[in-house]
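Let me begin by presenting the structure, written as structure tokens, before commenting on it.
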Amino acid sequence: METIVISIGGSVLLSSEANHSFFTNLVDLLTKLSKRYKLYVVVGGGKTAREYISIGRSLRLTEESLDTIGIAITRVNASLLSSLIKDANTDIPTTTDEAKEIDAPIVIMGGTTPGHSTDMVGAELAKKVHAHRFVIATNVDGVYNKDPNKFADAVHLPEISIDELLDTYGTTWTAAGSNVVIDGPALQIMKQTKIPTAVVNGKRLDQLERAITGQSFEGTEITI
Ligand code: UTP
């Protein structure tokens, strides 16, 4: 059975379009796919994390404290998703090593330590469980030459090399709540592990399924 790690942005789970039927369909999709794949799902913090981080930053909390607050929110989001899935863990692991040891068809977790995003947690977990694929489910249709949520003329890239991403975004973590497409620490691990990685719009469940199952999909393939 192939192993797939999926990193789902909080921006997908907490989007205004994520209504009752979206959650039902997402749960049904993950449950269906878990019969064919061992699934690990890492959940992000989304707008709730960013709101807390922004309040904390205005109160001059340290970056480490802000990251720690962000991590707590990712775990709440992970708990929301895991509570909806019968075949998933109920306790949310706090490290990728702990996640690796969980014997459930679908293992769900959030963040781990300060200094990176949940995409890095997904990349690290993919390395540890020897994943066949790593799927980053975000709130846009893949990687663009600039942020499509801010620039109407952003150009979609069906394919981009890991080196180009590293040249653009570097390898360091900039600040709590950073909203880069894939954070530097995650890119660094992806370059090292060479696990095939797809970036797809997690709100489009048909495309998410295609990316998870290794079919052609509308999104971005990261080439190593
Ligand atoms: P994410 O950045 O992973 O969530 O975590 P997100 O914003 O939902 O992801 P996208 O943008 O939709 O893909 C929220 C914040 O929590 C802290 C960071 O500050 C991050 O910006 N965090 C998260 C950590 O410090 N460590 C972790 O392992 C995870």
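Residue numbers start at 1 in each chain; chains themselves are named A, B, ... in the order of the structure tokens; ligands are numbered from 1 in the order shown.
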
Can I get the residues of chain A within 8 Å of ligand 1, each with the closest pair of atoms and their distance in Å to one decimal, using only C-alpha atoms and all ligand atoms, sorted chain first then ascending number, as CSV?
```
residue,atom,partner,partner_atom_place_in_ligand_line,distance
A:Ser7,CA,ligand 1,13 (O),7.6
A:Ile8,CA,ligand 1,13 (O),6.7
A:Gly9,CA,ligand 1,12 (O),3.3
A:Gly10,CA,ligand 1,8 (O),3.3
A:Ser11,CA,ligand 1,12 (O),4.1
A:Val12,CA,ligand 1,12 (O),6.5
A:Val43,CA,ligand 1,8 (O),7.0
A:Gly44,CA,ligand 1,4 (O),3.4
A:Gly45,CA,ligand 1,8 (O),3.6
A:Gly46,CA,ligand 1,8 (O),3.3
A:Lys47,CA,ligand 1,7 (O),6.8
A:Ala49,CA,ligand 1,14 (C),5.5
A:Arg50,CA,ligand 1,14 (C),6.8
A:Ile53,CA,ligand 1,19 (O),7.4
A:Glu63,CA,ligand 1,19 (O),7.8
A:Glu64,CA,ligand 1,25 (O),7.4
A:Leu66,CA,ligand 1,19 (O),6.1
A:Asp67,CA,ligand 1,19 (O),3.7
A:Thr68,CA,ligand 1,25 (O),5.8
A:Ile69,CA,ligand 1,16 (O),6.8
A:Gly70,CA,ligand 1,16 (O),3.3
A:Ile71,CA,ligand 1,23 (C),4.5
A:Ala72,CA,ligand 1,16 (O),7.7
A:Ile73,CA,ligand 1,16 (O),7.3
A:Thr74,CA,ligand 1,5 (O),6.1
A:Gly110,CA,ligand 1,29 (C),6.6
A:Gly111,CA,ligand 1,28 (O),3.3
A:Thr112,CA,ligand 1,28 (O),3.9
A:Thr113,CA,ligand 1,26 (N),4.7
A:Pro114,CA,ligand 1,25 (O),3.4
A:Gly115,CA,ligand 1,25 (O),4.8
A:His116,CA,ligand 1,26 (N),4.8
A:Ser117,CA,ligand 1,3 (O),3.8
A:Thr118,CA,ligand 1,3 (O),3.5
A:Asp119,CA,ligand 1,3 (O),5.9
A:Met120,CA,ligand 1,28 (O),7.0
A:Val121,CA,ligand 1,28 (O),5.7
A:Ile136,CA,ligand 1,13 (O),7.8
A:Ala137,CA,ligand 1,13 (O),7.4
A:Thr138,CA,ligand 1,13 (O),5.5
A:Asn139,CA,ligand 1,12 (O),6.8
A:Ala175,CA,ligand 1,19 (O),6.6
A:Ala176,CA,ligand 1,19 (O),3.3
A:Gly177,CA,ligand 1,21 (O),3.1
A:Ser178,CA,ligand 1,21 (O),4.9
A:Asn179,CA,ligand 1,11 (O),5.0
A:Val180,CA,ligand 1,11 (O),6.8
A:Val181,CA,ligand 1,13 (O),6.9
A:Ile182,CA,ligand 1,13 (O),7.4
```

For the strand (DSSP E) assignment from backbone DSSP, which residues of stretch 25-134 of chain A qualify? Please present them as JSON, numbers by chain. {"A": [37, 38, 39, 40, 41, 42, 43, 106, 107, 108, 109, 133, 134]}

Distance criterion (only C-alpha atoms): nearest to A:Gly202 out of A:Val27, A:Ala78, A:Val140, A:Val107: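 Answer, going by the shortest atom-to-atom distance: A:Val140.
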
What's the 9 Å shell around A:Lys100, counting only C-alpha atoms, without same-chain residues fewer than 6 positions away, as a PyMOL selection string? chain A and resi 40+107+125+128-129

Can I get the selection written as a PDB file, in the first residue's frame, with all heavy atoms?
```pdb
ATOM      1  N   TYR A  40      -1.472  10.291   5.708  1.00  0.00           N
ATOM      2  CA  TYR A  40      -1.097  11.200   6.796  1.00  0.00           C
ATOM      3  C   TYR A  40      -1.543  12.591   6.373  1.00  0.00           C
ATOM      4  O   TYR A  40      -1.227  13.021   5.256  1.00  0.00           O
ATOM      5  CB  TYR A  40       0.413  11.205   7.011  1.00  0.00           C
ATOM      6  CG  TYR A  40       0.949   9.908   7.558  1.00  0.00           C
ATOM      7  CD1 TYR A  40       1.325   8.873   6.707  1.00  0.00           C
ATOM      8  CD2 TYR A  40       1.088   9.721   8.931  1.00  0.00           C
ATOM      9  CE1 TYR A  40       1.818   7.677   7.208  1.00  0.00           C
ATOM     10  CE2 TYR A  40       1.580   8.529   9.442  1.00  0.00           C
ATOM     11  CZ  TYR A  40       1.942   7.517   8.578  1.00  0.00           C
ATOM     12  OH  TYR A  40       2.432   6.335   9.085  1.00  0.00           O
ATOM     13  N   VAL A 107      -3.884   9.250   9.649  1.00  0.00           N
ATOM     14  CA  VAL A 107      -3.247   9.895  10.799  1.00  0.00           C
ATOM     15  C   VAL A 107      -3.263  11.408  10.568  1.00  0.00           C
ATOM     16  O   VAL A 107      -2.819  11.890   9.521  1.00  0.00           O
ATOM     17  CB  VAL A 107      -1.797   9.391  10.974  1.00  0.00           C
ATOM     18  CG1 VAL A 107      -1.107  10.126  12.109  1.00  0.00           C
ATOM     19  CG2 VAL A 107      -1.791   7.886  11.215  1.00  0.00           C
ATOM     20  N   LEU A 125       7.458  14.695   7.652  1.00  0.00           N
ATOM     21  CA  LEU A 125       6.722  13.448   7.842  1.00  0.00           C
ATOM     22  C   LEU A 125       6.858  12.560   6.596  1.00  0.00           C
ATOM     23  O   LEU A 125       7.054  11.342   6.712  1.00  0.00           O
ATOM     24  CB  LEU A 125       5.250  13.788   8.124  1.00  0.00           C
ATOM     25  CG  LEU A 125       4.319  12.666   8.526  1.00  0.00           C
ATOM     26  CD1 LEU A 125       4.819  11.928   9.770  1.00  0.00           C
ATOM     27  CD2 LEU A 125       2.917  13.225   8.804  1.00  0.00           C
ATOM     28  N   LYS A 128      10.043  10.808   6.837  1.00  0.00           N
ATOM     29  CA  LYS A 128      10.094   9.765   7.875  1.00  0.00           C
ATOM     30  C   LYS A 128       9.279   8.525   7.519  1.00  0.00           C
ATOM     31  O   LYS A 128       9.655   7.415   7.879  1.00  0.00           O
ATOM     32  CB  LYS A 128       9.624  10.320   9.218  1.00  0.00           C
ATOM     33  CG  LYS A 128      10.656  11.272   9.794  1.00  0.00           C
ATOM     34  CD  LYS A 128      10.440  11.576  11.243  1.00  0.00           C
ATOM     35  CE  LYS A 128      11.565  12.503  11.715  1.00  0.00           C
ATOM     36  NZ  LYS A 128      11.221  13.257  12.898  1.00  0.00           N
ATOM     37  N   VAL A 129       8.149   8.720   6.837  1.00  0.00           N
ATOM     38  CA  VAL A 129       7.308   7.548   6.525  1.00  0.00           C
ATOM     39  C   VAL A 129       7.582   7.025   5.117  1.00  0.00           C
ATOM     40  O   VAL A 129       6.878   6.148   4.627  1.00  0.00           O
ATOM     41  CB  VAL A 129       5.794   7.848   6.715  1.00  0.00           C
ATOM     42  CG1 VAL A 129       5.492   8.272   8.143  1.00  0.00           C
ATOM     43  CG2 VAL A 129       5.309   8.908   5.732  1.00  0.00           C
TER      44      VAL A 129
END
```

Can you tell me which residues surround stretch 152-163 of chain A at a distance of at most 8 Å, considering only C-alpha atoms, apart from same-chain residues fewer than 2 positions away, and format the answer as a PyMOL selection string? chain A and resi 141-150+165-167+187+190-191+218-224

As an MDAnalysis selection string, please: every residue in chain A that a backbone DSSP assignment puts in alpha helix (DSSP H). chainID A and resid 10:13 20:33 46:58 63:84 96:101 118:128 162:169 184:193 205:212

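If only C-alpha atoms are the atoms counted, then among A:Thr48, A:Thr172, A:Ser34, A:Ser83 the closest residue to A:Ser15 is A:Thr48.
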
Tell me which of A:Ala198, A:Leu33, A:Lys203, A:Glu164 sits closest to A:Leu14, counting only C-alpha atoms.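 Ranking A:Ala198, A:Leu33, A:Lys203, A:Glu164 by distance to A:Leu14, first place goes to A:Lys203.
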
Pick from A:Ser58, A:Asn201, A:Thr3, A:Asn77, whichever lies nearest to A:Pro105 using only C-alpha atoms: A:Thr3

Quote the spacing between atom CA of A:Ile85 and atom CA of A:Glu209 in Å to one decimal place.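 So the answer is 16.9 Å.
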